[in-house]
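Before any comments, here is the structure.
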Amino acid sequence: MSDFLNDAVFQNIRDYIYSESGIHFSESNRAILESRLKERLRTLDTETPATYLNLLKKDKDETRYFLDAITTNLTRFFRNQAHYDTFINYVIPDMIQRKKPTGNHRIRIWSAGCSTGEEPYTNAMVLSEYLPRGWDIEVIASDLSLKSLMKAKEGFYPAARVNGIPKNYFTKYLEPKDDGFRVKESIRNLVKFDYHNLKFDSGRKDLDIVFCRNVLIYFDGAAQKNVIEHFWNAMAAYSYLFIGHSESLFGMDTQFEFIKTDWTCIYRKQVG
Ligand SMILES: C[S@@+](CC[C@H](N)C(=O)[O-])C[C@H]1O[C@@H](n2cnc3c(N)ncnc32)[C@H](O)[C@@H]1O
């Protein structure tokens with residue numbers, strides 16, 4: 001037990017974080033929580049974690065700030081090649097085939113837990129490449145980290161962060177800026193960034209594709225189920241859900257259909 005954060009206060013803070021966001025702090029990542037707490041207490045000149053918890057409970061802005069501070073925002077462009085192989089060779093062709101005869105030539109895709117924007121921009125680039133000319137693309141991207149969303153909207157990345165982008169996309173969709181690169185306006189304009197806490201229902205409807213990768217790992221089973229139910233309600237018939245490669249809906253009571261493609265496993269909402 002640490003002198004700074006005793007077990008009882010750790011439990012209370014972690015329960016509060018969980019009730020506000022679904023994020024579950026296990027004993028093994030207690031040290032991360034401690035270090036974020038220490039930093040914040042120093043800045044605010046607050047004496048103890050218990051006093052800080054009282055402040056959090058009274059102050060929604062501080063809660064938002066603290067939730068942002070404890071998130072892990074690691075991401076990259078074209079993360080997980082197998083997902084993009086499936087997206088390009090399975091999901092997009094299926095969407096085109098189903099939608100073409102209906103005259104509804106629009107794809108709505110949501111990147112839930114989009115961090116600094118690499119995932120939704122990748123998705124916008126891929127859809128721009130593979131959808132027939134004239135189709136509408138709407139990319140929604142959300143996170144509860146305001147810091148990440150600000151960077152995402154800017155669309156600027158240092159050179160080291162763009163090296164996973166295949167050359168053909170790179171030359172077409174990025175331009176040099178200062179000492180890095182910026183996603184071109186044609187792609188930036190396709191993406192709408194939004195603050196959203198996945199604990200709550202988004203009110204969105206008729207989404208064709210949802211990417212929620214490397215987010216569920218931070219939630220416990222009950223919070224995961226809650227998020228997955230929200231996705232179900234937000235998705236159209238014959239829509240697809242991508243979750244992280246280390247995440248699974250196995251054992252969860254859900255109507256999503258498990259699909260094993262040649263590249264990876266994804267989920268489908270089959271019914272309307
Ligand atoms: C590791 S990043 C994953 C980014 C991207 N999806 C990827 O796979 O590269 C996880 C993101 O989930 C966000 N997140 C965690 N809990 C959340 C919640 N309750 N609501 C919304 N976003 C959340 C974090 O802020 C973080 O940016």
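Convention: chains lettered A, B, ... in structure tokens order; per-chain residue numbering from 1; ligands numbered from 1 as shown.
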
List as a tab-separated table (two decimals) with C-alpha atoms, in the first residue's frame the protein and nucleic acid residues lying within 7 Å of ligand 1, with only C-alpha atoms and all ligand atoms counted.
chain	number	residue	atom	x	y	z
A	21	SER	CA	-16.59	6.38	-18.07
A	22	GLY	CA	-16.63	2.57	-17.85
A	23	ILE	CA	-12.82	2.64	-17.57
A	68	ASP	CA	-8.69	12.84	-20.31
A	71	THR	CA	-6.67	7.72	-20.95
A	72	THR	CA	-4.15	5.93	-23.13
A	73	ASN	CA	-4.20	7.51	-26.57
A	74	LEU	CA	-1.74	5.33	-28.45
A	75	THR	CA	-2.73	4.97	-32.10
A	76	ARG	CA	-1.33	5.05	-35.63
A	79	ARG	CA	-3.22	0.26	-37.59
A	111	SER	CA	-14.52	5.82	-35.23
A	112	ALA	CA	-15.46	5.51	-31.55
A	113	GLY	CA	-12.43	6.25	-29.37
A	114	CYS	CA	-10.60	7.94	-32.24
A	115	SER	CA	-7.75	9.39	-30.16
A	116	THR	CA	-5.63	11.83	-32.21
A	119	GLU	CA	-7.89	5.98	-37.46
A	142	SER	CA	-15.34	10.74	-31.19
A	143	ASP	CA	-13.39	10.49	-27.99
A	144	LEU	CA	-13.56	11.68	-24.41
A	145	SER	CA	-10.04	13.05	-24.56
A	148	SER	CA	-6.58	14.24	-28.41
A	196	HIS	CA	-18.51	11.64	-26.76
A	197	ASN	CA	-18.22	9.43	-23.71
A	198	LEU	CA	-19.00	5.85	-24.73
A	199	LYS	CA	-20.67	5.22	-21.41
A	212	CYS	CA	-14.05	0.78	-31.89
A	213	ARG	CA	-10.58	-0.64	-31.59
A	214	ASN	CA	-8.38	-0.81	-28.52
A	215	VAL	CA	-10.96	0.90	-26.35
A	218	TYR	CA	-10.01	-0.51	-20.72
A	244	GLY	CA	-9.29	-4.44	-31.61

If you run DSSP on this backbone, which residues of segment 64-263 of chain A come out as strand (DSSP E), and could you give them as an mmCIF file with N, CA, C and O atoms, in the first residue's frame?
data_model
loop_
_atom_site.group_PDB
_atom_site.id
_atom_site.type_symbol
_atom_site.label_atom_id
_atom_site.label_comp_id
_atom_site.auth_asym_id
_atom_site.auth_seq_id
_atom_site.Cartn_x
_atom_site.Cartn_y
_atom_site.Cartn_z
ATOM 1 N N ARG A 106 -24.412 6.305 -49.884
ATOM 2 C CA ARG A 106 -23.779 7.011 -48.780
ATOM 3 C C ARG A 106 -23.250 5.991 -47.776
ATOM 4 O O ARG A 106 -23.928 5.008 -47.472
ATOM 5 N N ILE A 107 -22.038 6.244 -47.276
ATOM 6 C CA ILE A 107 -21.474 5.379 -46.229
ATOM 7 C C ILE A 107 -21.213 6.248 -44.995
ATOM 8 O O ILE A 107 -20.535 7.274 -45.083
ATOM 9 N N ARG A 108 -21.762 5.807 -43.871
ATOM 10 C CA ARG A 108 -21.531 6.504 -42.593
ATOM 11 C C ARG A 108 -20.701 5.596 -41.711
ATOM 12 O O ARG A 108 -21.121 4.477 -41.387
ATOM 13 N N ILE A 109 -19.562 6.081 -41.326
ATOM 14 C CA ILE A 109 -18.656 5.259 -40.521
ATOM 15 C C ILE A 109 -18.269 6.028 -39.266
ATOM 16 O O ILE A 109 -18.026 7.237 -39.323
ATOM 17 N N TRP A 110 -18.219 5.323 -38.142
ATOM 18 C CA TRP A 110 -17.915 5.965 -36.856
ATOM 19 C C TRP A 110 -16.635 5.369 -36.291
ATOM 20 O O TRP A 110 -16.518 4.148 -36.168
ATOM 21 N N SER A 111 -15.716 6.248 -35.945
ATOM 22 C CA SER A 111 -14.523 5.825 -35.230
ATOM 23 C C SER A 111 -14.737 6.224 -33.768
ATOM 24 O O SER A 111 -14.612 7.396 -33.411
ATOM 25 N N ALA A 112 -15.094 5.251 -32.949
ATOM 26 C CA ALA A 112 -15.460 5.509 -31.554
ATOM 27 C C ALA A 112 -14.227 5.266 -30.683
ATOM 28 O O ALA A 112 -13.737 4.145 -30.607
ATOM 29 N N ASP A 136 -21.294 9.425 -51.234
ATOM 30 C CA ASP A 136 -21.048 10.308 -50.078
ATOM 31 C C ASP A 136 -20.346 9.542 -48.973
ATOM 32 O O ASP A 136 -20.727 8.420 -48.663
ATOM 33 N N ILE A 137 -19.379 10.205 -48.364
ATOM 34 C CA ILE A 137 -18.661 9.593 -47.236
ATOM 35 C C ILE A 137 -18.852 10.485 -46.023
ATOM 36 O O ILE A 137 -18.579 11.688 -46.085
ATOM 37 N N GLU A 138 -19.304 9.901 -44.928
ATOM 38 C CA GLU A 138 -19.426 10.663 -43.681
ATOM 39 C C GLU A 138 -18.666 9.903 -42.600
ATOM 40 O O GLU A 138 -19.026 8.778 -42.251
ATOM 41 N N VAL A 139 -17.597 10.507 -42.131
ATOM 42 C CA VAL A 139 -16.792 9.863 -41.082
ATOM 43 C C VAL A 139 -17.027 10.617 -39.782
ATOM 44 O O VAL A 139 -16.738 11.809 -39.686
ATOM 45 N N ILE A 140 -17.554 9.919 -38.794
ATOM 46 C CA ILE A 140 -17.757 10.521 -37.480
ATOM 47 C C ILE A 140 -16.643 9.985 -36.588
ATOM 48 O O ILE A 140 -16.311 8.789 -36.659
ATOM 49 N N ALA A 141 -16.059 10.849 -35.778
ATOM 50 C CA ALA A 141 -14.951 10.410 -34.936
ATOM 51 C C ALA A 141 -15.139 11.024 -33.562
ATOM 52 O O ALA A 141 -15.350 12.237 -33.447
ATOM 53 N N SER A 142 -15.090 10.199 -32.527
ATOM 54 C CA SER A 142 -15.344 10.745 -31.194
ATOM 55 C C SER A 142 -14.383 10.175 -30.160
ATOM 56 O O SER A 142 -13.823 9.089 -30.342
ATOM 57 N N ASP A 143 -14.242 10.928 -29.091
ATOM 58 C CA ASP A 143 -13.388 10.494 -27.991
ATOM 59 C C ASP A 143 -13.790 11.287 -26.755
ATOM 60 O O ASP A 143 -14.509 12.292 -26.862
ATOM 61 N N PHE A 156 -2.424 17.518 -38.103
ATOM 62 C CA PHE A 156 -0.985 17.672 -38.323
ATOM 63 C C PHE A 156 -0.232 16.592 -37.542
ATOM 64 O O PHE A 156 -0.529 16.353 -36.367
ATOM 65 N N TYR A 157 0.764 15.953 -38.211
ATOM 66 C CA TYR A 157 1.508 14.878 -37.549
ATOM 67 C C TYR A 157 3.001 15.013 -37.846
ATOM 68 O O TYR A 157 3.381 15.251 -39.005
ATOM 69 N N PRO A 158 3.843 14.846 -36.821
ATOM 70 C CA PRO A 158 5.286 14.851 -37.073
ATOM 71 C C PRO A 158 5.665 13.669 -37.986
ATOM 72 O O PRO A 158 4.930 12.672 -38.045
ATOM 73 N N LEU A 174 -1.602 13.574 -48.119
ATOM 74 C CA LEU A 174 -0.892 14.384 -47.114
ATOM 75 C C LEU A 174 -0.043 15.433 -47.791
ATOM 76 O O LEU A 174 0.376 15.250 -48.945
ATOM 77 N N GLU A 175 0.207 16.524 -47.078
ATOM 78 C CA GLU A 175 1.083 17.551 -47.638
ATOM 79 C C GLU A 175 2.065 17.987 -46.551
ATOM 80 O O GLU A 175 1.727 17.985 -45.360
ATOM 81 N N PRO A 176 3.292 18.373 -46.959
ATOM 82 C CA PRO A 176 4.261 18.803 -45.961
ATOM 83 C C PRO A 176 3.814 20.094 -45.291
ATOM 84 O O PRO A 176 3.224 20.950 -45.939
ATOM 85 N N LYS A 177 4.047 20.161 -44.007
ATOM 86 C CA LYS A 177 3.744 21.413 -43.290
ATOM 87 C C LYS A 177 4.743 21.524 -42.141
ATOM 88 O O LYS A 177 4.919 20.553 -41.383
ATOM 89 N N GLY A 180 6.538 18.631 -40.292
ATOM 90 C CA GLY A 180 5.788 17.376 -40.359
ATOM 91 C C GLY A 180 4.874 17.365 -41.571
ATOM 92 O O GLY A 180 5.219 17.910 -42.614
ATOM 93 N N PHE A 181 3.706 16.748 -41.410
ATOM 94 C CA PHE A 181 2.771 16.618 -42.530
ATOM 95 C C PHE A 181 1.353 16.881 -42.048
ATOM 96 O O PHE A 181 1.014 16.584 -40.905
ATOM 97 N N ARG A 182 0.544 17.399 -42.961
ATOM 98 C CA ARG A 182 -0.854 17.618 -42.604
ATOM 99 C C ARG A 182 -1.749 16.836 -43.569
ATOM 100 O O ARG A 182 -1.484 16.773 -44.778
ATOM 101 N N VAL A 183 -2.793 16.261 -43.018
ATOM 102 C CA VAL A 183 -3.787 15.579 -43.848
ATOM 103 C C VAL A 183 -4.457 16.647 -44.709
ATOM 104 O O VAL A 183 -4.807 17.724 -44.217
ATOM 105 N N VAL A 191 -14.293 14.319 -42.179
ATOM 106 C CA VAL A 191 -14.338 13.799 -40.813
ATOM 107 C C VAL A 191 -14.930 14.841 -39.851
ATOM 108 O O VAL A 191 -14.476 15.977 -39.804
ATOM 109 N N LYS A 192 -15.941 14.411 -39.099
ATOM 110 C CA LYS A 192 -16.532 15.307 -38.075
ATOM 111 C C LYS A 192 -16.116 14.789 -36.711
ATOM 112 O O LYS A 192 -16.497 13.685 -36.315
ATOM 113 N N PHE A 193 -15.333 15.590 -35.985
ATOM 114 C CA PHE A 193 -14.884 15.182 -34.650
ATOM 115 C C PHE A 193 -15.877 15.680 -33.598
ATOM 116 O O PHE A 193 -16.441 16.769 -33.726
ATOM 117 N N ASP A 194 -16.018 14.868 -32.563
ATOM 118 C CA ASP A 194 -17.062 15.159 -31.586
ATOM 119 C C ASP A 194 -16.644 14.595 -30.229
ATOM 120 O O ASP A 194 -16.075 13.508 -30.163
ATOM 121 N N TYR A 195 -16.933 15.339 -29.164
ATOM 122 C CA TYR A 195 -16.697 14.800 -27.818
ATOM 123 C C TYR A 195 -17.815 13.811 -27.518
ATOM 124 O O TYR A 195 -18.992 14.143 -27.597
ATOM 125 N N LEU A 207 -25.696 3.799 -38.834
ATOM 126 C CA LEU A 207 -24.277 3.736 -39.193
ATOM 127 C C LEU A 207 -24.004 2.448 -39.962
ATOM 128 O O LEU A 207 -24.537 1.388 -39.626
ATOM 129 N N ASP A 208 -23.184 2.563 -40.988
ATOM 130 C CA ASP A 208 -22.856 1.385 -41.798
ATOM 131 C C ASP A 208 -21.676 0.616 -41.227
ATOM 132 O O ASP A 208 -21.578 -0.602 -41.403
ATOM 133 N N ILE A 209 -20.760 1.334 -40.608
ATOM 134 C CA ILE A 209 -19.541 0.689 -40.097
ATOM 135 C C ILE A 209 -19.151 1.389 -38.793
ATOM 136 O O ILE A 209 -19.212 2.622 -38.712
ATOM 137 N N VAL A 210 -18.766 0.604 -37.799
ATOM 138 C CA VAL A 210 -18.222 1.180 -36.565
ATOM 139 C C VAL A 210 -16.838 0.581 -36.312
ATOM 140 O O VAL A 210 -16.664 -0.641 -36.374
ATOM 141 N N PHE A 211 -15.874 1.442 -36.112
ATOM 142 C CA PHE A 211 -14.551 1.022 -35.640
ATOM 143 C C PHE A 211 -14.473 1.419 -34.167
ATOM 144 O O PHE A 211 -14.582 2.609 -33.843
ATOM 145 N N CYS A 212 -14.301 0.443 -33.296
ATOM 146 C CA CYS A 212 -14.053 0.778 -31.893
ATOM 147 C C CYS A 212 -12.921 -0.150 -31.447
ATOM 148 O O CYS A 212 -13.150 -1.214 -30.862
ATOM 149 N N MET A 235 -26.484 1.218 -35.232
ATOM 150 C CA MET A 235 -26.058 0.675 -36.529
ATOM 151 C C MET A 235 -27.240 0.262 -37.410
ATOM 152 O O MET A 235 -28.292 -0.143 -36.931
ATOM 153 N N ALA A 236 -27.023 0.364 -38.722
ATOM 154 C CA ALA A 236 -28.044 -0.003 -39.708
ATOM 155 C C ALA A 236 -28.046 -1.529 -39.892
ATOM 156 O O ALA A 236 -27.143 -2.224 -39.406
ATOM 157 N N ALA A 237 -29.038 -2.035 -40.606
ATOM 158 C CA ALA A 237 -29.033 -3.463 -40.963
ATOM 159 C C ALA A 237 -27.856 -3.720 -41.908
ATOM 160 O O ALA A 237 -27.519 -2.860 -42.728
ATOM 161 N N TYR A 238 -27.252 -4.856 -41.811
ATOM 162 C CA TYR A 238 -26.085 -5.256 -42.622
ATOM 163 C C TYR A 238 -24.899 -4.310 -42.434
ATOM 164 O O TYR A 238 -24.266 -3.878 -43.390
ATOM 165 N N SER A 239 -24.669 -3.946 -41.201
ATOM 166 C CA SER A 239 -23.529 -3.064 -40.917
ATOM 167 C C SER A 239 -22.438 -3.869 -40.211
ATOM 168 O O SER A 239 -22.688 -4.977 -39.717
ATOM 169 N N TYR A 240 -21.258 -3.286 -40.147
ATOM 170 C CA TYR A 240 -20.092 -4.034 -39.640
ATOM 171 C C TYR A 240 -19.425 -3.322 -38.457
ATOM 172 O O TYR A 240 -19.339 -2.083 -38.435
ATOM 173 N N LEU A 241 -18.940 -4.138 -37.545
ATOM 174 C CA LEU A 241 -18.244 -3.629 -36.352
ATOM 175 C C LEU A 241 -16.828 -4.212 -36.301
ATOM 176 O O LEU A 241 -16.645 -5.428 -36.369
ATOM 177 N N PHE A 242 -15.852 -3.314 -36.212
ATOM 178 C CA PHE A 242 -14.451 -3.711 -36.017
ATOM 179 C C PHE A 242 -14.062 -3.407 -34.574
ATOM 180 O O PHE A 242 -14.217 -2.263 -34.128
ATOM 181 N N ILE A 243 -13.544 -4.407 -33.867
ATOM 182 C CA ILE A 243 -12.966 -4.137 -32.549
ATOM 183 C C ILE A 243 -11.485 -4.530 -32.594
ATOM 184 O O ILE A 243 -11.034 -5.129 -33.581
ATOM 185 N N GLU A 257 -23.323 -10.915 -35.259
ATOM 186 C CA GLU A 257 -22.882 -12.166 -35.872
ATOM 187 C C GLU A 257 -21.361 -12.110 -36.039
ATOM 188 O O GLU A 257 -20.827 -11.086 -36.487
ATOM 189 N N PHE A 258 -20.706 -13.178 -35.671
ATOM 190 C CA PHE A 258 -19.240 -13.253 -35.763
ATOM 191 C C PHE A 258 -18.874 -13.671 -37.191
ATOM 192 O O PHE A 258 -19.386 -14.661 -37.689
ATOM 193 N N ILE A 259 -18.019 -12.931 -37.820
ATOM 194 C CA ILE A 259 -17.658 -13.260 -39.204
ATOM 195 C C ILE A 259 -16.160 -13.456 -39.321
ATOM 196 O O ILE A 259 -15.375 -12.572 -38.956
ATOM 197 N N LYS A 260 -15.784 -14.611 -39.848
ATOM 198 C CA LYS A 260 -14.362 -14.891 -40.024
ATOM 199 C C LYS A 260 -14.038 -14.688 -41.497
ATOM 200 O O LYS A 260 -14.516 -15.439 -42.340
#

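Closest approach to Arg64 of chain A from the set A:Glu20, A:Asp262, A:Asp85, A:Asp201 is made by A:Glu20, with distances taken over only C-alpha atoms.
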
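Comparing A:Arg133, A:Arg204, A:Arg98, A:His245 by their smallest distance to His230 of chain A, the closest is A:Arg204 (using only C-alpha atoms).
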
* Skip Pro93 of chain A itself and residues of its chain fewer than 6 positions away, then list as a list in words all residues within 9 Å of it, counting only C-alpha atoms. => Phe87, Tyr130 and Leu131 of chain A

Only N, CA and C atoms, please: the residues just picked out, written as a JSON list (two decimals), in the first residue's frame.
[["chain", "number", "residue", "atom", "x", "y", "z"],
["A", 87, "PHE", "N", -11.47, -4.61, -44.52],
["A", 87, "PHE", "CA", -12.24, -3.42, -44.86],
["A", 87, "PHE", "C", -12.31, -3.25, -46.39],
["A", 130, "TYR", "N", -11.71, 3.58, -52.51],
["A", 130, "TYR", "CA", -12.40, 2.38, -52.96],
["A", 130, "TYR", "C", -13.89, 2.54, -53.25],
["A", 131, "LEU", "N", -14.50, 3.65, -52.85],
["A", 131, "LEU", "CA", -15.92, 3.81, -53.19],
["A", 131, "LEU", "C", -16.03, 4.38, -54.60]]

* Any idea what's packed within 8 Å of Trp232 of chain A, counting only C-alpha atoms, ignoring anything in its chain fewer than 3 positions away? Could you give it as a count of residues only? -> 5
